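Chemist: Shown below is the structure under consideration.
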Protein chains: 2
Amino acid sequence: MKINYPNPSIQTKQTRLTAVQSHGMIFEHALNLANEYYYNRNIAVVYKKPTPIQIVKVDYPSRNKARITEGYYKTPSTTDYNGVYKGRYIDYEAKETNNLSFSFKHIFPHQINHLLRVHDHGGIGFLIIFFKKVNEVYLLDIAIFNQLLTEAKAGGKQSISREQFQTLGKPVSLGYTPTIDYLKAVDEWYQL
Amino acid sequence: MKINYPNPSIQTKQTRLTAVQSHGMIFEHALNLANEYYYNRNIAVVYKKPTPIQIVKVDYPSRNKARITEGYYKTPSTTDYNGVYKGRYIDYEAKETNNLSFSFKHIFPHQINHLLRVHDHGGIGFLIIFFKKVNEVYLLDIAIFNQLLTEAKAGGKQSISREQFQTLGKPVSLGYTPTIDYLKAVDEWYQL
């Protein structure tokens, strides 16, 4: 007989972004839960890539367990997340900001190039930005981001305002399951 | 004036698989070089995911540099490589073997499930196997691998022979640039 115990992990997954937004990494955590949700419902296969670590020294205290005793964080060569959704390759970088605008300098040039390459090869590349102050999340296509960046380099504004995200990007609805339903925004923006 | 110094990194990239096959990690290294080649020629965007590390202790000897002083290798939750090619999501696991057959136990069940999910969502999922003894590389589609695995579970053979790779998979040509031209095999097998 199967007993339906209360499942604390499900409870955790229903934590609202509003309630926990002050904690660090909450945005990343919420995105991971969204991807877990999409995976479990067989909606998409999207994973966060592991953080690259440069390993310098490894000890072998026992036969089966290698212990890293010296290592350093490396700059990721690509973006945080990628996967497959409705037959399309999707790839994105997630960032959060305390301000009401998003400065171009928060994204590495090599990450922009990576996303533009993805776009060139028929994949879907975008940014997901979390505005903590107002608890809003926006999706912004990489080609549009790059257009704004080109204008910035020509002497224009050095950041993208929340208003620009509202008109040039797509708002992402926040809720319970999933906490960040960004694939709905992907559906709408890219007409999948 | 630009002086064309001899470029040692290009030399390295032309190293033949035959000449260096005795070294560990050579297959992975050759695949990374192939992906670098594909990237530089704007053919595809495929990366090896970083090895996941469980970080236990971090020191901060200086303000800007975090030093990991205790960490452990984790089992990857997905596969080694993924990316976008001709608008398609591709995902694969690379393995090498000293034998003339490939045992099913060399691939984790969760990696098989991951690749089958990729397949279900319209992506291209496969294995790349390097037979060191004969210096041959084969691509095997995940659905075919899974069919053979199902037969093995029903009491069939517990490994896939080189002959089966020849008939059910696609040989990958080995050469100079790229060392492992696996996307040619992808083109032919999946008719891209």
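Order determines the names: the first chain of the structure tokens is A, the second B, and so forth; residues in each chain are numbered 1 upward, and ligands are numbered 1 upward as they are shown.
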Taking only residues of chain A that have an atom at most 7 Å from an atom of chain B, what is each one's shortest atom pair and its distance in Å to one decimal, using only C-alpha atoms, in chain and number order, as a tab-separated table?

Modeler:
residue	atom	partner	partner_atom	distance
A:Ala44	CA	B:His121	CA	6.9
A:Val45	CA	B:Val118	CA	6.7
A:Lys49	CA	B:Lys49	CA	6.3
A:Pro50	CA	B:Pro52	CA	5.1
A:Thr51	CA	B:Pro50	CA	6.7
A:Pro52	CA	B:Pro50	CA	5.1
A:Ala66	CA	B:Tyr72	CA	6.5
A:Arg67	CA	B:Tyr72	CA	5.3
A:Ile68	CA	B:Gly71	CA	4.8
A:Thr69	CA	B:Thr69	CA	4.5
A:Glu70	CA	B:Thr69	CA	5.0
A:Gly71	CA	B:Ile68	CA	4.8
A:Tyr72	CA	B:Arg67	CA	5.3
A:Val84	CA	B:Tyr89	CA	6.2
A:Tyr85	CA	B:His121	CA	6.4
A:Lys86	CA	B:His121	CA	5.8
A:Gly87	CA	B:Gly122	CA	4.1
A:Arg88	CA	B:Tyr89	CA	6.3
A:Tyr89	CA	B:Tyr89	CA	4.7
A:Val118	CA	B:Val45	CA	6.7
A:His121	CA	B:Gly87	CA	5.4
A:Gly122	CA	B:Gly87	CA	4.1
A:Gly123	CA	B:Gly87	CA	5.6

Chemist: How about saving the chosen residues, N, CA and C atoms kept, as a tab-separated table (two decimals), in the first residue's frame?

Modeler:
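Result file is result-v4.tsv:
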chain	number	residue	atom	x	y	z
A	44	ALA	N	10.24	19.92	-21.77
A	44	ALA	CA	11.52	20.32	-22.37
A	44	ALA	C	12.66	19.66	-21.60
A	45	VAL	N	13.84	19.66	-22.21
A	45	VAL	CA	15.05	19.16	-21.56
A	45	VAL	C	16.05	20.30	-21.52
A	49	LYS	N	24.43	24.34	-16.88
A	49	LYS	CA	25.75	23.73	-16.98
A	49	LYS	C	26.49	23.88	-15.66
A	50	PRO	N	27.31	22.88	-15.31
A	50	PRO	CA	28.11	23.03	-14.09
A	50	PRO	C	29.06	24.21	-14.21
A	51	THR	N	29.38	24.81	-13.07
A	51	THR	CA	30.38	25.88	-13.04
A	51	THR	C	31.75	25.29	-13.34
A	52	PRO	N	32.48	25.84	-14.31
A	52	PRO	CA	33.80	25.26	-14.60
A	52	PRO	C	34.81	25.56	-13.50
A	66	ALA	N	38.41	10.64	-4.96
A	66	ALA	CA	39.40	11.67	-5.22
A	66	ALA	C	38.95	12.95	-4.53
A	67	ARG	N	39.86	13.58	-3.77
A	67	ARG	CA	39.51	14.84	-3.11
A	67	ARG	C	40.30	15.98	-3.74
A	68	ILE	N	39.57	16.95	-4.25
A	68	ILE	CA	40.21	18.13	-4.83
A	68	ILE	C	40.63	19.04	-3.67
A	69	THR	N	41.92	19.36	-3.59
A	69	THR	CA	42.42	20.17	-2.47
A	69	THR	C	42.84	21.57	-2.93
A	70	GLU	N	42.92	21.76	-4.23
A	70	GLU	CA	43.15	23.11	-4.73
A	70	GLU	C	42.46	23.29	-6.08
A	71	GLY	N	41.59	24.26	-6.14
A	71	GLY	CA	40.88	24.53	-7.38
A	71	GLY	C	40.41	25.96	-7.40
A	72	TYR	N	40.13	26.45	-8.60
A	72	TYR	CA	39.69	27.84	-8.76
A	72	TYR	C	38.52	27.92	-9.73
A	84	VAL	N	16.79	21.48	-25.24
A	84	VAL	CA	15.94	21.31	-26.40
A	84	VAL	C	14.47	21.49	-25.99
A	85	TYR	N	13.74	22.23	-26.80
A	85	TYR	CA	12.32	22.51	-26.54
A	85	TYR	C	11.58	22.56	-27.87
A	86	LYS	N	10.58	21.73	-28.01
A	86	LYS	CA	9.80	21.65	-29.25
A	86	LYS	C	10.70	21.53	-30.48
A	87	GLY	N	11.72	20.70	-30.35
A	87	GLY	CA	12.62	20.46	-31.47
A	87	GLY	C	13.64	21.55	-31.71
A	88	ARG	N	13.58	22.62	-30.93
A	88	ARG	CA	14.52	23.74	-31.11
A	88	ARG	C	15.60	23.73	-30.04
A	89	TYR	N	16.79	24.16	-30.46
A	89	TYR	CA	17.87	24.36	-29.50
A	89	TYR	C	17.64	25.69	-28.80
A	118	VAL	N	24.61	31.02	-31.73
A	118	VAL	CA	23.46	30.13	-31.57
A	118	VAL	C	22.33	30.59	-32.51
A	121	HIS	N	22.93	29.88	-36.11
A	121	HIS	CA	22.80	28.46	-36.48
A	121	HIS	C	21.37	27.94	-36.32
A	122	GLY	N	20.43	28.85	-36.15
A	122	GLY	CA	19.03	28.43	-36.10
A	122	GLY	C	18.54	28.06	-34.71
A	123	GLY	N	19.36	28.31	-33.70
A	123	GLY	CA	18.92	28.10	-32.33
A	123	GLY	C	18.23	29.35	-31.80

Chemist: List as a count of residues only the protein and nucleic acid residues near stretch 134-139 of chain B, meaning an atom at most 6 Å away when only C-alpha atoms are counted, but skip any in the same chain fewer than 3 places from it.

Modeler: 9

Chemist: Near B:Leu100, within 8 Å and counting only C-alpha atoms, which residues show up once chain neighbours fewer than 4 positions away are dropped, as a ChimeraX atom specification?

Modeler: /B:131,133,161-162

Chemist: Record the distance separating atom CA of A:Leu33 and atom CA of A:Glu93, expressed in Å with one decimal.

Modeler: 15.9 Å

Chemist: Would you return as a ChimeraX atom specification the members of stretch 11-170 of chain B that DSSP assigns to strand (DSSP E or B) on this structure's backbone?

Modeler: /B:45-48,53-59,67-73,81-85,88-97,101-103,124-131,136-141,159-161,170

Chemist: Would you mind reading off the distance between atom CA of A:Leu148 and atom CA of A:Ile160, one decimal, in Å?

Modeler: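 Answer for the atom CA of A:Leu148 to atom CA of A:Ile160 separation: 7.8 Å.
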